[in-house]
Amino acid sequence: MPESSIFDRWNLPRVLNASGTMTALGASRVVPEARRAMLEISEEFVWIDDLLDRASTVIARLTGAEAGFVTASASSGIALSVAACMTGRDEGRAMRLPDTDGLRDEVVLQAGHLVDYGATMDSTIAVSGARTRLVGSVSRTRPSQIESMMGPDTCAVVFVVSHHTAQYGQVPLEEVVALAHAKSIPVIVDAASEYDLRGFLETGADLVVYSGHKFLGGPTSGIVAGRKTLIDACRLQNLGIGRCMKAGKENIAGAMAALEAWEVRDHDAMRAAEDGRSKRIQDALAGLDGIEVRVIPDPTGNPLERLRVEVDPARAGMTAAQMARALTRQDTPIVVRGHAVERGYFDVDVCNMRDGEEGTMVAGVKHLLGAG
Ligand SMILES: *Cc1c(COP(=O)(O)O)cnc(C)c1O
């Protein structure tokens, strides 16, 4: 890791991120293109409306949407999308939120989509003033249940794409869009961590929300893409609740530059570099007594693979949870992906690792196993 004085000045430990894009660790490495754009605009003035117009053009080009909007985070994007579906392009209504008196203010959400990504989906929706109406159960939701839950007070259906959702038994997006559109109800997709910038809109979804600071490598930001009338309504929210979720000039410009960098990046070369790092870790850990390592695909089909390290407590002398915790307590804290650590494994995600960091990772695990 490069030297940087702020780690000394503020006495902050650097962390080796083997877990992916985690908010708790600072999400992702901001790409140079975004850093440059942020630096350049940070010293100057610009009409934010002009900047947002240009951002809309860039988002539209990359996603195929009619328009786009940049806000503080994907969760802000979800809250503002719900707000937009309640108020439309009515300024007075937008300024009145989170008071929803007289507005359609119910959001339909499949029970298996009530995720906790560090905050819960229903609290994110509630920020707008809307109420979440859960439909179905975590193990199964039927189309008929969604249909009967959508009524005169429904303003939107929120659909979550994530490894955090129930991975079976939920009604797929295409079908949700058809059911909702039959009643002229818009569909908002939370695709915060998804690489696919076009596919969800192609299903007919009305608004799709991405994180600027995950796979895109932008600054902390949320990107909303979709129908022009609803995007206009999202922007109007900046006169009300959207102000608490403001993206300033640096983050709007940084998100735009990250999108443009994504557009021209050599994705195959990036993937090859990640696969190389992953392979080196896998080879170095193979055969160690107490663990089994295998490659697993991304649960939502993003173009990446992770290493799954299964820990045999009898042979390793510790559980997967204990090993994950012990890794964070080494000289260089190593953070692995431990969402399901109670099931006896953790994952290693190399997407935010630098070449060379795999040696530290491997040494950390070997040390704990008394193997080096
Ligand atoms: C990360 C994530 C979010 C939150 O994104 P932020 O940009 O950090 O607000 C929301 N939903 C899902 C599915 C996520 O993975």
# chains A, B, ... in the order shown; residues from 1 in each chain; ligands from 1
$ residues_near_ligand --ligand "ligand 1" --cutoff "10 Å" --atoms "only C-alpha atoms and all ligand atoms" --output "PyMOL selection string"
chain A and resi 21-24+26-27+71-79+113-121+124+159-165+189-194+209-214+219-223
$ select_by_dssp --residues "range 256-340 of chain A" --states "helix (DSSP H, G or I)" --output "VMD selection string"
chain A and resid 256 to 264 267 to 285 313 to 316 320 to 327
$ residues_around --residues "Leu39 in chain A" --least-positions-apart "4" --cutoff "9 Å" --atoms "only C-alpha atoms" --output "PDB file with N, CA, C and O atoms, in the first residue's frame"
ATOM      1  N   ALA A  34     -12.151   9.780 -12.051  1.00  0.00           N
ATOM      2  CA  ALA A  34     -13.092  10.435 -11.140  1.00  0.00           C
ATOM      3  C   ALA A  34     -12.351  11.373 -10.189  1.00  0.00           C
ATOM      4  O   ALA A  34     -12.817  12.478  -9.899  1.00  0.00           O
ATOM      5  N   ARG A  35     -11.179  10.925  -9.721  1.00  0.00           N
ATOM      6  CA  ARG A  35     -10.401  11.788  -8.808  1.00  0.00           C
ATOM      7  C   ARG A  35     -10.040  13.097  -9.492  1.00  0.00           C
ATOM      8  O   ARG A  35     -10.140  14.166  -8.908  1.00  0.00           O
ATOM      9  N   GLU A  43     -12.529  23.407  -7.201  1.00  0.00           N
ATOM     10  CA  GLU A  43     -12.032  24.775  -7.014  1.00  0.00           C
ATOM     11  C   GLU A  43     -12.843  25.810  -7.789  1.00  0.00           C
ATOM     12  O   GLU A  43     -12.506  26.984  -7.768  1.00  0.00           O
ATOM     13  N   GLU A 250     -18.517  18.072  -6.577  1.00  0.00           N
ATOM     14  CA  GLU A 250     -17.416  17.092  -6.691  1.00  0.00           C
ATOM     15  C   GLU A 250     -17.965  15.694  -6.934  1.00  0.00           C
ATOM     16  O   GLU A 250     -17.427  14.944  -7.753  1.00  0.00           O
ATOM     17  N   GLY A 254     -17.613  13.534 -10.162  1.00  0.00           N
ATOM     18  CA  GLY A 254     -16.886  12.277  -9.972  1.00  0.00           C
ATOM     19  C   GLY A 254     -17.693  11.082 -10.459  1.00  0.00           C
ATOM     20  O   GLY A 254     -17.155  10.166 -11.088  1.00  0.00           O
TER      21      GLY A 254
END
$ select_by_dssp --residues "range 10-199 of chain A" --states "strand (DSSP E)" --output "MDAnalysis selection string"
chainID A and resid 16:18 67:71 106:110 131:135 154:160 187:190
$ write_last_selection --atoms "N, CA and C atoms" --output "compact mmCIF listing (two decimals), in the first residue's frame"
# COMPACT_ATOMS: atom_id res chain seq x y z
N LEU A 16 -6.68 -4.06 4.75
CA LEU A 16 -6.62 -4.81 3.50
C LEU A 16 -8.03 -5.34 3.22
N ASN A 17 -8.62 -4.86 2.17
CA ASN A 17 -10.01 -5.18 1.88
C ASN A 17 -10.12 -6.41 0.97
N ALA A 18 -10.43 -7.53 1.57
CA ALA A 18 -10.64 -8.77 0.80
C ALA A 18 -12.12 -9.13 0.78
N ALA A 67 -33.38 9.54 -19.08
CA ALA A 67 -32.73 10.57 -18.27
C ALA A 67 -32.11 9.94 -17.03
N GLY A 68 -31.32 10.75 -16.31
CA GLY A 68 -30.69 10.25 -15.09
C GLY A 68 -30.44 11.37 -14.10
N PHE A 69 -30.08 10.96 -12.90
CA PHE A 69 -29.96 11.90 -11.78
C PHE A 69 -28.89 11.37 -10.84
N VAL A 70 -28.15 12.28 -10.20
CA VAL A 70 -27.13 11.87 -9.23
C VAL A 70 -27.51 12.40 -7.86
N THR A 71 -27.48 11.51 -6.87
CA THR A 71 -27.74 11.93 -5.50
C THR A 71 -26.64 11.35 -4.60
N GLU A 106 -48.08 4.14 -0.46
CA GLU A 106 -47.68 2.77 -0.09
C GLU A 106 -46.77 2.17 -1.15
N VAL A 107 -45.71 1.52 -0.66
CA VAL A 107 -44.76 0.85 -1.54
C VAL A 107 -44.87 -0.65 -1.34
N VAL A 108 -45.09 -1.38 -2.40
CA VAL A 108 -45.18 -2.84 -2.31
C VAL A 108 -43.78 -3.43 -2.45
N LEU A 109 -43.44 -4.32 -1.53
CA LEU A 109 -42.12 -4.95 -1.52
C LEU A 109 -42.29 -6.43 -1.19
N GLN A 110 -41.67 -7.29 -1.99
CA GLN A 110 -41.73 -8.72 -1.68
C GLN A 110 -40.95 -8.98 -0.38
N ARG A 131 -44.93 4.23 3.23
CA ARG A 131 -44.95 3.04 4.07
C ARG A 131 -44.74 1.81 3.22
N THR A 132 -43.99 0.86 3.76
CA THR A 132 -43.74 -0.39 3.04
C THR A 132 -44.87 -1.37 3.32
N ARG A 133 -45.46 -1.91 2.28
CA ARG A 133 -46.44 -3.00 2.42
C ARG A 133 -45.76 -4.27 1.95
N LEU A 134 -45.38 -5.13 2.92
CA LEU A 134 -44.72 -6.38 2.56
C LEU A 134 -45.72 -7.36 1.96
N VAL A 135 -45.28 -8.08 0.95
CA VAL A 135 -46.16 -9.05 0.32
C VAL A 135 -45.45 -10.40 0.23
N THR A 154 -51.22 2.59 -3.64
CA THR A 154 -49.88 2.14 -4.02
C THR A 154 -49.23 3.17 -4.94
N CYS A 155 -48.03 3.64 -4.57
CA CYS A 155 -47.32 4.60 -5.44
C CYS A 155 -46.24 3.90 -6.25
N ALA A 156 -45.73 2.77 -5.78
CA ALA A 156 -44.64 2.10 -6.50
C ALA A 156 -44.44 0.69 -5.97
N VAL A 157 -43.77 -0.11 -6.78
CA VAL A 157 -43.26 -1.40 -6.32
C VAL A 157 -41.75 -1.27 -6.32
N VAL A 158 -41.10 -1.66 -5.22
CA VAL A 158 -39.64 -1.67 -5.18
C VAL A 158 -39.17 -3.11 -5.35
N PHE A 159 -38.21 -3.31 -6.26
CA PHE A 159 -37.67 -4.64 -6.55
C PHE A 159 -36.17 -4.59 -6.27
N VAL A 160 -35.69 -5.52 -5.46
CA VAL A 160 -34.27 -5.51 -5.06
C VAL A 160 -33.51 -6.63 -5.77
N VAL A 187 -42.30 0.80 -11.31
CA VAL A 187 -41.42 -0.15 -10.63
C VAL A 187 -40.03 0.48 -10.48
N ILE A 188 -39.54 0.46 -9.24
CA ILE A 188 -38.21 0.99 -8.92
C ILE A 188 -37.30 -0.20 -8.63
N VAL A 189 -36.15 -0.29 -9.30
CA VAL A 189 -35.24 -1.41 -9.07
C VAL A 189 -34.03 -0.93 -8.28
N ASP A 190 -33.75 -1.59 -7.18
CA ASP A 190 -32.50 -1.36 -6.46
C ASP A 190 -31.46 -2.30 -7.06
$ residues_around --residues "Arg89 in chain A" --least-positions-apart "2" --cutoff "7 Å" --atoms "only C-alpha atoms" --output "list in words"
Thr87, Glu91, Asp232 and Ala233 of chain A
$ write_last_selection --atoms "N, CA and C atoms" --output "mmCIF file, in the first residue's frame"
data_model
loop_
_atom_site.group_PDB
_atom_site.id
_atom_site.type_symbol
_atom_site.label_atom_id
_atom_site.label_comp_id
_atom_site.auth_asym_id
_atom_site.auth_seq_id
_atom_site.Cartn_x
_atom_site.Cartn_y
_atom_site.Cartn_z
ATOM 1 N N THR A 87 -45.064 12.190 -5.663
ATOM 2 C CA THR A 87 -45.381 13.603 -5.941
ATOM 3 C C THR A 87 -45.494 13.922 -7.419
ATOM 4 N N GLU A 91 -44.302 20.620 -7.541
ATOM 5 C CA GLU A 91 -43.316 21.208 -6.633
ATOM 6 C C GLU A 91 -43.837 21.316 -5.200
ATOM 7 N N ASP A 232 -37.284 13.935 -13.531
ATOM 8 C CA ASP A 232 -37.586 15.340 -13.200
ATOM 9 C C ASP A 232 -38.134 15.424 -11.778
ATOM 10 N N ALA A 233 -39.017 14.477 -11.450
ATOM 11 C CA ALA A 233 -39.628 14.480 -10.117
ATOM 12 C C ALA A 233 -38.594 14.173 -9.032
#
$ atom_distance --atom1 "CA of Pro32 in chain A" --atom2 "CA of Ile281 in chain A"
26.7 Å
$ residues_around --residues "range 352-357 of chain A" --least-positions-apart "2" --cutoff "7 Å" --atoms "only C-alpha atoms" --output "ChimeraX atom specification"
/A:17-18,20,28-29,277,350,359-361
$ write_last_selection --atoms "N, CA, C and O atoms" --output "mmCIF file, in the first residue's frame"
data_model
loop_
_atom_site.group_PDB
_atom_site.id
_atom_site.type_symbol
_atom_site.label_atom_id
_atom_site.label_comp_id
_atom_site.auth_asym_id
_atom_site.auth_seq_id
_atom_site.Cartn_x
_atom_site.Cartn_y
_atom_site.Cartn_z
ATOM 1 N N ASN A 17 -8.618 -4.856 2.171
ATOM 2 C CA ASN A 17 -10.013 -5.178 1.876
ATOM 3 C C ASN A 17 -10.116 -6.407 0.965
ATOM 4 O O ASN A 17 -9.918 -6.308 -0.241
ATOM 5 N N ALA A 18 -10.433 -7.531 1.572
ATOM 6 C CA ALA A 18 -10.636 -8.766 0.796
ATOM 7 C C ALA A 18 -12.116 -9.131 0.784
ATOM 8 O O ALA A 18 -12.481 -10.292 0.633
ATOM 9 N N GLY A 20 -14.695 -7.058 -0.915
ATOM 10 C CA GLY A 20 -15.513 -6.470 -1.987
ATOM 11 C C GLY A 20 -15.804 -5.010 -1.702
ATOM 12 O O GLY A 20 -15.021 -4.342 -1.031
ATOM 13 N N SER A 28 -15.046 1.580 -2.386
ATOM 14 C CA SER A 28 -14.125 1.113 -3.427
ATOM 15 C C SER A 28 -12.996 2.115 -3.611
ATOM 16 O O SER A 28 -13.010 3.188 -3.033
ATOM 17 N N ARG A 29 -12.019 1.721 -4.423
ATOM 18 C CA ARG A 29 -10.952 2.650 -4.794
ATOM 19 C C ARG A 29 -11.506 3.578 -5.856
ATOM 20 O O ARG A 29 -11.980 3.101 -6.882
ATOM 21 N N ARG A 277 -5.175 -12.695 -9.565
ATOM 22 C CA ARG A 277 -5.000 -12.504 -8.120
ATOM 23 C C ARG A 277 -5.697 -13.640 -7.354
ATOM 24 O O ARG A 277 -5.146 -14.220 -6.428
ATOM 25 N N VAL A 350 -11.473 -10.368 -4.459
ATOM 26 C CA VAL A 350 -10.216 -9.687 -4.797
ATOM 27 C C VAL A 350 -10.431 -8.387 -5.564
ATOM 28 O O VAL A 350 -9.472 -7.729 -5.945
ATOM 29 N N GLY A 359 -0.300 -11.742 -1.200
ATOM 30 C CA GLY A 359 0.737 -12.341 -0.348
ATOM 31 C C GLY A 359 0.423 -12.125 1.125
ATOM 32 O O GLY A 359 0.567 -13.041 1.945
ATOM 33 N N THR A 360 -0.023 -10.915 1.462
ATOM 34 C CA THR A 360 -0.376 -10.590 2.850
ATOM 35 C C THR A 360 -1.566 -11.433 3.300
ATOM 36 O O THR A 360 -1.594 -11.961 4.416
ATOM 37 N N MET A 361 -2.518 -11.549 2.396
ATOM 38 C CA MET A 361 -3.720 -12.344 2.675
ATOM 39 C C MET A 361 -3.348 -13.802 2.995
ATOM 40 O O MET A 361 -3.766 -14.367 4.009
#
$ closest_residue --among "A:Glu310, A:Thr229, A:Ala340, A:Leu51" --to "Ile252 in chain A" --atoms "only C-alpha atoms"
A:Leu51
$ atom_distance --atom1 "CA of Leu52 in chain A" --atom2 "CA of Gly64 in chain A"
17.1 Å
$ residues_around --residues "Arg294 in chain A" --least-positions-apart "3" --cutoff "12 Å" --atoms "only C-alpha atoms" --output "VMD selection string"
chain A and resid 278 to 279 281 to 283 285 to 287 291 297 305 to 311 345 to 348
$ residues_around --residues "Trp262 in chain A" --least-positions-apart "4" --cutoff "12 Å" --atoms "only C-alpha atoms" --output "PyMOL selection string"
chain A and resi 30-34+58-59+62-63+195-197+212+214-218+255-258+266-267+270
$ atom_distance --atom1 "CA of Asp206 in chain A" --atom2 "CA of Gly226 in chain A"
5.4 Å
